[in-house]
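Peer 1: One structure coming up, written as structure tokens, with questions to follow.
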Amino acid sequence: MSKRSSGNKNLAASIIYNQVTGRCLRTNMLPQQFVEDVDRRLQLKEIPLLLAKLERNSSLQRFNITKCSRYIKELTSFFSETMQMLYGESELPFFAKERLRIGQVLNLFGGVEIVLRILFYPVTYGFKTCKIRPTRVQQTTLWSLCLDFIHNICLVVDGVAANLAKRNELISHLFTLLEQRRTFTYASVVLEDLFGSRKELIDLDSIANMRKLMNILDQQQLANLCRVLSFSLSDLESVEERSTLLAQDEVDKKGLSQKEMADNNQATLIGLKEFLPRIVRLACQPMVERSSHFLDMVDFHTFLQDVFMSEGIDMDSDEQDSVTPRLQSSFKHIHEVMHKVEVFYVLCLFLTGKHKLIVQKRLSEQKLIPGMCQLFDKMSWLNETERMNPDSMDIEIIEIGDHECTPQTALKIQFLRLVHSFCDRHENKHLLLTPREVDELQELYVQNDLELPESLSSTNRKLCCAGEKGLLTKILETLIRCPATAPLRFWLSRAIEGFLRGRASVGDQLFLIKRGLLEHLVDHITSEELKPKEILQSSFDLLGELMKFNPFAFKRFDQVIQDKQFEKFVSILTSNVVDSNMLIRCLVLSQEHFISGRFATDFSAEACKLGTLINNWEQMIFLLYKLINSITVGTLTQENVSCLNTTLVFLMFAHRHGRLPAYLTAFVREEKIQKNPGFILANLRLLLEFWKTHYLKRGKDCSALEQSSCISFDHWKQVVDVLLSDSTCSTSVLHYLPTSCTRDC
């Protein structure tokens, strides 16, 4: 065997080894003839040869910026979406595989490292070694091409973005490239790629030029930056919402430092004087009116971006003049919509974080709510998207991250999420009213001989909404007009529920009842349309908040609902206890409140129609049985844990009235009827044990339980301890469990 043949075999083995290990081959270290042979046999499209040329022309001794730009542009063209035109529709899967193969070849032969070295060249060496110093335009063009290359290979090859995300020096350098207009868009896109793949949050205090960016970026760029910053402001809360509570607790054990980092990053941005005022201006900035059809075009943003990239046009440069005015206008508007979505999202993160109180105060002072009230009128709320045939509508569109969520839908969802976050248990929620509506609300308290809340009497009317109708009223009127099965109903209901949540305020409830909300919710729940569970749940939740502790609401309910309609209402409620459990909890809490409060002589919960649900012993035990067995420790989520808390409310009042043994005995009877001894009580005990470990670590959730129930958390914990006591106590679950079940507990 010849030496050349033996050498080639060794080189071939080296290529295979590097493919397996993920290491890169230095093309310049390989014989050119061998590279050519490999390229020809494996049909590598001369990529290794191009990389060899790029490496030779980017060395310290021989840096040719013109050739580097040309070679990188040529390499990036292999990823271009415009190549899809060469393939028929049936061949698109092949095109995707081909892109992956190209990306893997580029990565294998060191393309990423070569391009990164070029990107860092001015930082490492400057251009002193160049015979002819490149112009500023040549430099920024090269950096843009480098960033575009990195972005494309991150999209195509798994693991590249995750590996690059570990390099803090690269992230810091990308932030410096945000300072230049021509490289801003490309650098922000790559930062998104890296942050989206990074397991640990970046420390914003380590970004040296953050304050400078706040001062030099224009409003559009700042909106773009919000997308990048959002990755550093949250501790994966959006992921936790879709996971079980058991999984959440496991994540919390390992991820405390990540929560602290998210809090610190929020504090860093809050500390930048201009940040929140500029963000508020972005959120409230009027939008150019466009047709709703345009905004409903799915993935149009991606399409436009690909058009610019494929033509090598910088989105922020004067080269946009080469594009038709109509395309420019469309591109500008779709970016305006998505930028506003990102700004709303970032504001939501701040309003649900550790520093929410100071943020809420500052946003109020910056007149966020009056600005959003004006913006509300400029948005199309009930277009064809909301009037689609429910049979053809995927309920997953409710999730903002879903790929079918159109720009217009995303904008409306984030708008309403922001309203909810601003109101939720915040004293400044009355800023959603106009001064005239504040007067009306105060009069409701006076007319009904109710104590005026301090938060209402101290409302700064200069910070309220302007005009005849405030933001709350506009959202309510939109909900009433909204079709029964439209996904938008969920978010409209959530926004209004945010206004009511916390300690029940009879005046706030009457303000909304006066505007027809109670009748609307009753009609919606009992309507003939088959409603997705999320939408049905949102109506039950809102009705519960609207009626809780309010005798006027219970009387009004009896007045507006007909007998047959009530039968249907009860049937829907009992058939969907997971979705209706918040209303069930409202009934239990309200009845106890009426018995012990000022309305004890004026109002009898037993006499009202809804009271029959919990005052009929068999009916109540049936509801409790369904609540307990609708969940297990393994299936508990942020959404259905309310079933456990509703069960606890029943048991707390049973304990208060000395009837806890009767409840537990009733469960034993039900187990005998079902011929399954212990299946209710064993599950209940496991749920209570989990509740105790879960809530003791979550101060925010404990506070929410206290506010919504008007029962101290100490009392919640006390009753749980009673139920979990040893088997000698007649109030203990263990006392009623068969011996065979106690071994498992």
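Simple scheme: letters A, B, ... for chains in structure tokens order, numbers from 1 for residues in each chain, numbers from 1 for ligands in the order shown.
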Excluding range 203-205 of chain A and any residue of its chain fewer than 2 positions from it, enumerate the residues within 9 Å of it, using only C-alpha atoms, and give them as a ChimeraX atom specification.
Peer 2: /A:201,207-208,210,229,232,261-262,264-266,268-269
Peer 1: When you look at range 422-428 of chain A with a cut-off of 6 Å (counting only C-alpha atoms), what residues show up, excluding the ones that are within fewer than 3 positions of it in the same chain? I need them as a PyMOL selection string.
Peer 2: chain A and resi 419+431+455+498-499+501-502
Peer 1: Emit the selected residues as a short mmCIF file (atom, residue, chain, number, x, y, z; two decimals), in the first residue's frame, including all heavy atoms.
Peer 2:
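Written out: part_4.cif:
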data_model
loop_
_atom_site.label_atom_id
_atom_site.label_comp_id
_atom_site.auth_asym_id
_atom_site.auth_seq_id
_atom_site.Cartn_x
_atom_site.Cartn_y
_atom_site.Cartn_z
N VAL A 419 -52.84 43.75 31.05
CA VAL A 419 -53.91 44.34 31.89
C VAL A 419 -54.13 43.48 33.13
O VAL A 419 -54.23 43.99 34.25
CB VAL A 419 -55.22 44.47 31.08
CG1 VAL A 419 -56.37 44.90 31.99
CG2 VAL A 419 -55.04 45.46 29.94
N LEU A 431 -57.24 52.62 38.29
CA LEU A 431 -56.80 53.49 37.18
C LEU A 431 -57.39 53.03 35.86
O LEU A 431 -57.34 53.76 34.87
CB LEU A 431 -55.27 53.51 37.10
CG LEU A 431 -54.53 54.08 38.31
CD1 LEU A 431 -53.03 54.08 38.05
CD2 LEU A 431 -55.01 55.48 38.64
N SER A 455 -57.97 52.30 48.82
CA SER A 455 -57.35 52.31 47.49
C SER A 455 -58.21 53.06 46.49
O SER A 455 -57.69 53.68 45.56
CB SER A 455 -57.13 50.88 47.00
OG SER A 455 -58.37 50.18 46.90
N GLY A 498 -58.67 39.66 36.73
CA GLY A 498 -57.54 40.28 37.41
C GLY A 498 -57.96 41.52 38.19
O GLY A 498 -57.43 41.80 39.26
N PHE A 499 -58.94 42.25 37.66
CA PHE A 499 -59.45 43.44 38.35
C PHE A 499 -60.17 43.05 39.64
O PHE A 499 -60.13 43.78 40.63
CB PHE A 499 -60.40 44.20 37.42
CG PHE A 499 -61.00 45.44 38.02
CD1 PHE A 499 -60.29 46.64 38.02
CD2 PHE A 499 -62.26 45.42 38.60
CE1 PHE A 499 -60.84 47.79 38.59
CE2 PHE A 499 -62.82 46.56 39.16
CZ PHE A 499 -62.10 47.75 39.15
N ARG A 501 -59.74 40.07 41.43
CA ARG A 501 -59.02 39.15 42.31
C ARG A 501 -58.45 39.85 43.54
O ARG A 501 -58.26 41.05 43.56
CB ARG A 501 -57.89 38.46 41.53
CG ARG A 501 -58.40 37.34 40.63
CD ARG A 501 -57.29 36.71 39.85
NE ARG A 501 -56.40 35.93 40.72
CZ ARG A 501 -55.35 35.25 40.26
NH1 ARG A 501 -55.05 35.29 38.98
NH2 ARG A 501 -54.60 34.56 41.09
N GLY A 502 -58.16 39.02 44.54
CA GLY A 502 -57.69 39.56 45.81
C GLY A 502 -58.85 39.59 46.79
O GLY A 502 -59.77 38.75 46.73
#
Peer 1: Of the candidates A:Phe622, A:Phe79, A:Phe350, A:Phe175, which shows the shortest atom-to-atom distance to Cys154 in chain A, using only C-alpha atoms?
Peer 2: A:Phe79
Peer 1: Residues at most 8 Å from range 62-70 of chain A, counting only C-alpha atoms, excluding those fewer than 4 positions away in the same chain, as a PyMOL selection string?
Peer 2: chain A and resi 54+56-58+74+129-130+134+138-139+141-142+145
Peer 1: Between A:Leu651, A:Leu441, A:Ile475, A:Val722, single out the one closest to Val506 in chain A, counting only C-alpha atoms.
Peer 2: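 Result for the nearest residue to Val506 in chain A: A:Leu441.
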Peer 1: From the list A:Ser527, A:Gln374, A:Ser421, A:Asn448, which residue is nearest Cys465 in chain A when using only C-alpha atoms?
Peer 2: A:Gln374
Peer 1: Considering only C-alpha atoms, state which residue in the set A:Arg494, A:Lys378, A:Lys548, A:Lys626 is at the smallest distance from Phe594 in chain A.
Peer 2: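 Comparing A:Arg494, A:Lys378, A:Lys548, A:Lys626 against Phe594 in chain A, the winner is A:Lys548.
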Peer 1: Among range 489-607 of chain A, which ones does DSSP place in alpha helix (DSSP H), written as a count of residues only?
Peer 2: 88
Peer 1: Just give me the gap between CA of Ser539 in chain A and CA of Val641 in chain A in Å, one decimal is fine.
Peer 2: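 Pair CA of Ser539 in chain A / CA of Val641 in chain A returns 18.0 Å.
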Peer 1: So the first atom is CA of Gly544 in chain A and the second is CA of Ile584 in chain A; what is the distance between them in Å, to one decimal place?
Peer 2: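 One can read the CA of Gly544 in chain A to CA of Ile584 in chain A distance as 7.7 Å.
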